[in-house]
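Only one structure is covered here, and it is reproduced in the block below.
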Amino acid sequence: MAWKTLDDMDFAGKRALVRVDINVPVEDGNVTDLTRIERIIPTVDDIQEKGGKVILMAHFGRPKGQIVPQMSLEIIAPAVADVLGLPVTWVNSDYGDAVAEMEGDEVLLLENLRFNPGEEKNDEGFAKRLASLGDIYVNDAFSAAHRAHASTEAIAHILPACAGRLMAEELHALEMALGTPVRPVVAVVGGAKVSTKLDLLGNLVGKVDHLVIGGGMANTFLAAQGIDVGKSLCEHDLAETARDILTKADTAGCEIILPRDIVVAREFKAGAANETLAPDACPADAMILDAGPATVAYISDVLERAQTLVWNGPLGAFEIAPFDAATNAAAAKAAALSKAGQLISVAGGGDTVAALNQAGAADDFSYISTAGGAFLEWMEGKNLPGVAALG
Ligand code: ADP
Ligand code: MG
């Protein structure tokens, strides 16, 4: 799919309405993690360098169409000014004359879009009101692109629209991972449950050459093949679904890689006594909490021969050592191959990003998506309305 970027637009003397994701965590009125604000710097700087004025649009929390003072973006404005190193003026929901009065490199930050019920309804009227404040629409919020809202979808049909730097970077990485990837492509899917990732698995088996299934969801696949998984996390009611996925993979020529050895324990806690066994040897009173070294060795071998990796979900209960071992080892392997230029690696998902950071592997991955829900919907092969509207 083709979309315009900042390079395709003429910003000289124009006002750019820039949709960003600065939905940051706040404690006692202080922003505790500035990452999301830091990531909008390239887009803001670039538009200003091209002679444009920047009006930021964002949501904050879930006020559900009502004015909730604790969710006002006025709280965030000082942090945005600090991070951007620019004067930032917060504008209340009336918008008023602030736009006409913009001076020099001043940046406007519009009040929480979700205070207006029209935002989440993708309301044409609200989109028009927003559009009237600027000349060009820039979407830099990939993480909000899976929702058709006035500021992510409707507005893109009213003004000339393009992707910001962050959005363009994310789309480029995703395109390389699953759109038109260099083969062989490996997907690693782990995490707790099959039920939350059915669409994702269904989409991947048709697209990748090797699919590693790990974490709690691997137990469901083992059980579906008649293996006793003891007290492991397992969705027995999804046995048939799991078998369907295996059949679909077989038809599509996708190799499914399930645990070749398992690490079991009797307690779900750090340092719990554990043993490594064959996949069909889980004792009735034990739980499978990680994959073993033989599985890791096999995954490493597949990664060695692969060109592209896309990863969502840890291979084990990574929060409690030593059940982070398989996740850490596979992550280290992928990171080393990426660093050596042998592998394009893209990963995303809340716990996955935490696990890769914990493994010290995140920096060497080609791209780490922090987009959460939008990343998962993209892995499911869904059309993201905020991206489609830019095309
Ligand atoms: P993401 O947020 O990256 O999409 P998930 O939320 O699907 O990932 O999965 C992460 C969770 O899966 C973690 O809390 C982890 O402890 C859990 N998990 C992984 N393997 C197991 C297992 N064998 N038994 C129980 N929980 C597991
Ligand atoms: Mg999660």
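Following the order of the structure tokens, chains are lettered A, B, ..., residues in each are numbered from 1, and ligands are numbered from 1.
Excluding Ala354 of chain A itself and any same-chain residue fewer than 5 positions from it, the protein and nucleic acid residues within 12 Å of it, counting only C-alpha atoms, are Asn312, Gly313, Pro314, Phe318, Glu319, Asp324, Thr327, Asn328, Ala331, Ala347, Gly348, Gly349, Ala359, Gly360, Ala361, Ala362, Ile368, Ser369, Thr370 and Gly372 of chain A.
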Could you take the residues named above and write them with all heavy atoms, as a CSV table (one decimal), in the first residue's frame?
```csv
chain,number,residue,atom,x,y,z
A,312,ASN,N,5.6,-12.2,18.5
A,312,ASN,CA,4.7,-11.8,19.5
A,312,ASN,C,4.5,-12.8,20.6
A,312,ASN,O,4.0,-13.9,20.3
A,312,ASN,CB,3.4,-11.3,18.9
A,312,ASN,CG,2.3,-11.1,20.0
A,312,ASN,OD1,1.5,-11.9,20.3
A,312,ASN,ND2,2.4,-10.0,20.7
A,313,GLY,N,4.8,-12.5,21.8
A,313,GLY,CA,4.5,-13.4,22.9
A,313,GLY,C,5.7,-14.2,23.4
A,313,GLY,O,6.4,-14.8,22.6
A,314,PRO,N,5.9,-14.2,24.7
A,314,PRO,CA,7.0,-14.9,25.3
A,314,PRO,C,6.9,-16.4,25.3
A,314,PRO,O,5.7,-16.9,25.2
A,314,PRO,CB,7.1,-14.4,26.8
A,314,PRO,CG,5.7,-13.9,27.0
A,314,PRO,CD,5.1,-13.4,25.7
A,318,PHE,N,7.9,-15.7,31.6
A,318,PHE,CA,9.2,-14.9,31.6
A,318,PHE,C,9.3,-14.0,32.9
A,318,PHE,O,10.4,-13.6,33.2
A,318,PHE,CB,9.4,-14.1,30.4
A,318,PHE,CG,8.6,-12.8,30.4
A,318,PHE,CD1,9.1,-11.6,30.7
A,318,PHE,CD2,7.2,-12.9,30.0
A,318,PHE,CE1,8.4,-10.5,30.7
A,318,PHE,CE2,6.4,-11.7,30.1
A,318,PHE,CZ,7.0,-10.5,30.4
A,319,GLU,N,8.2,-13.8,33.5
A,319,GLU,CA,8.3,-12.9,34.7
A,319,GLU,C,9.0,-13.5,35.9
A,319,GLU,O,9.4,-12.9,36.8
A,319,GLU,CB,6.9,-12.4,35.2
A,319,GLU,CG,6.1,-11.6,34.1
A,319,GLU,CD,5.1,-12.5,33.4
A,319,GLU,OE1,5.4,-13.8,33.2
A,319,GLU,OE2,4.1,-12.0,32.9
A,324,ASP,N,12.2,-17.8,32.4
A,324,ASP,CA,12.5,-16.8,31.3
A,324,ASP,C,13.6,-17.3,30.4
A,324,ASP,O,14.0,-16.7,29.4
A,324,ASP,CB,12.9,-15.5,31.9
A,324,ASP,CG,14.1,-15.6,32.9
A,324,ASP,OD1,14.5,-16.7,33.2
A,324,ASP,OD2,14.6,-14.5,33.3
A,327,THR,N,12.8,-17.8,26.5
A,327,THR,CA,12.6,-16.5,25.9
A,327,THR,C,13.9,-15.7,25.7
A,327,THR,O,14.2,-15.2,24.7
A,327,THR,CB,11.6,-15.7,26.7
A,327,THR,OG1,10.4,-16.5,26.9
A,327,THR,CG2,11.2,-14.4,26.1
A,328,ASN,N,14.7,-15.7,26.8
A,328,ASN,CA,15.9,-15.0,26.8
A,328,ASN,C,16.9,-15.5,25.7
A,328,ASN,O,17.5,-14.8,25.0
A,328,ASN,CB,16.6,-15.0,28.2
A,328,ASN,CG,15.9,-14.2,29.2
A,328,ASN,OD1,15.0,-13.4,28.9
A,328,ASN,ND2,16.2,-14.4,30.5
A,331,ALA,N,15.7,-14.9,22.2
A,331,ALA,CA,15.8,-13.4,22.0
A,331,ALA,C,17.2,-13.0,21.7
A,331,ALA,O,17.5,-12.2,20.8
A,331,ALA,CB,15.2,-12.6,23.1
A,347,ALA,N,9.3,-7.1,16.4
A,347,ALA,CA,8.6,-7.7,17.5
A,347,ALA,C,7.6,-6.6,18.1
A,347,ALA,O,7.8,-5.4,18.0
A,347,ALA,CB,9.5,-8.1,18.6
A,348,GLY,N,6.5,-7.1,18.7
A,348,GLY,CA,5.6,-6.2,19.3
A,348,GLY,C,4.7,-7.0,20.3
A,348,GLY,O,4.7,-8.2,20.4
A,349,GLY,N,4.0,-6.2,21.1
A,349,GLY,CA,3.1,-6.8,22.2
A,349,GLY,C,3.6,-6.3,23.5
A,349,GLY,O,4.8,-6.3,23.7
A,359,ALA,N,15.5,-9.3,28.5
A,359,ALA,CA,16.6,-10.1,27.9
A,359,ALA,C,17.7,-9.3,27.4
A,359,ALA,O,18.8,-9.9,27.0
A,359,ALA,CB,16.0,-11.0,26.8
A,360,GLY,N,17.6,-8.0,27.4
A,360,GLY,CA,18.7,-7.1,26.9
A,360,GLY,C,18.8,-7.3,25.4
A,360,GLY,O,19.9,-7.0,24.8
A,361,ALA,N,17.8,-7.7,24.7
A,361,ALA,CA,17.8,-8.0,23.2
A,361,ALA,C,17.2,-6.9,22.4
A,361,ALA,O,17.4,-6.8,21.2
A,361,ALA,CB,17.2,-9.3,23.0
A,362,ALA,N,16.3,-6.1,23.0
A,362,ALA,CA,15.5,-5.2,22.3
A,362,ALA,C,16.3,-4.2,21.4
A,362,ALA,O,15.9,-4.0,20.2
A,362,ALA,CB,14.6,-4.4,23.2
A,368,ILE,N,11.1,-2.6,17.1
A,368,ILE,CA,10.3,-3.0,18.2
A,368,ILE,C,9.0,-2.1,18.2
A,368,ILE,O,9.2,-0.9,18.3
A,368,ILE,CB,11.0,-2.9,19.6
A,368,ILE,CG1,12.2,-3.7,19.6
A,368,ILE,CG2,10.0,-3.1,20.7
A,368,ILE,CD1,12.0,-5.1,20.1
A,369,SER,N,7.9,-2.7,18.0
A,369,SER,CA,6.7,-1.9,17.9
A,369,SER,C,6.1,-1.8,19.3
A,369,SER,O,6.0,-2.7,20.1
A,369,SER,CB,5.6,-2.6,17.0
A,369,SER,OG,4.4,-1.9,17.2
A,370,THR,N,5.8,-0.5,19.7
A,370,THR,CA,5.2,-0.3,21.0
A,370,THR,C,3.7,0.0,20.8
A,370,THR,O,3.0,0.5,21.7
A,370,THR,CB,5.8,0.9,21.7
A,370,THR,OG1,5.8,2.0,20.8
A,370,THR,CG2,7.3,0.6,22.1
A,372,GLY,N,1.1,-2.0,20.6
A,372,GLY,CA,0.1,-2.8,21.3
A,372,GLY,C,-1.0,-3.3,20.4
A,372,GLY,O,-0.7,-4.1,19.5
```
Practice task
Set the cut-off to 9 Å, count only C-alpha atoms and all ligand atoms, and list whatever residues fall near ligand 1 as a PyMOL selection string.
Solution key: chain A and resi 189-194+196-197+214-219+232-234+263-264+268+287-291+311-320+323-324+347-355+372-373+376
Practice task
Would you mind listing what lies within 12 Å of Ile257 of chain A as a ChimeraX atom specification, with only C-alpha atoms counted and same-chain residues fewer than 4 positions away left out?
Solution key: /A:186-190,205,209-214,218,221-222,246,249-250,261,291,294-302,315
Exercise for the section: Just the residues within 10 Å of Phe365 of chain A, please, counting only C-alpha atoms, with nothing from its chain fewer than 3 positions along; format it as a ChimeraX atom specification. Expected result: /A:309,331-332,334-339,343-347,356,361-362,368
Practice task
For each of A:Val26, A:Val182, A:Val138, A:Ile47, take the minimum atom-to-atom distance to Gln70 of chain A, counting only C-alpha atoms, then give the residue where this is smallest.
Solution key: A:Val26
Handout entry: Close residues, Gly104 of chain A itself excluded, 12 Å, only C-alpha atoms, min 6 positions apart in chain, as a VMD selection string
Key = chain A and resid 13 48 to 49 51 to 54 86 to 88
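Contact shell of Asn383 of chain A at 12 Å (only C-alpha atoms; same-chain neighbours under 3 positions omitted): Met1, Ala145, His146, Arg147, Ala148, Ala374, Phe375, Leu376, Glu377, Trp378, Met379, Glu380, Gly386, Val387, Ala388, Ala389 and Gly391 of chain A.
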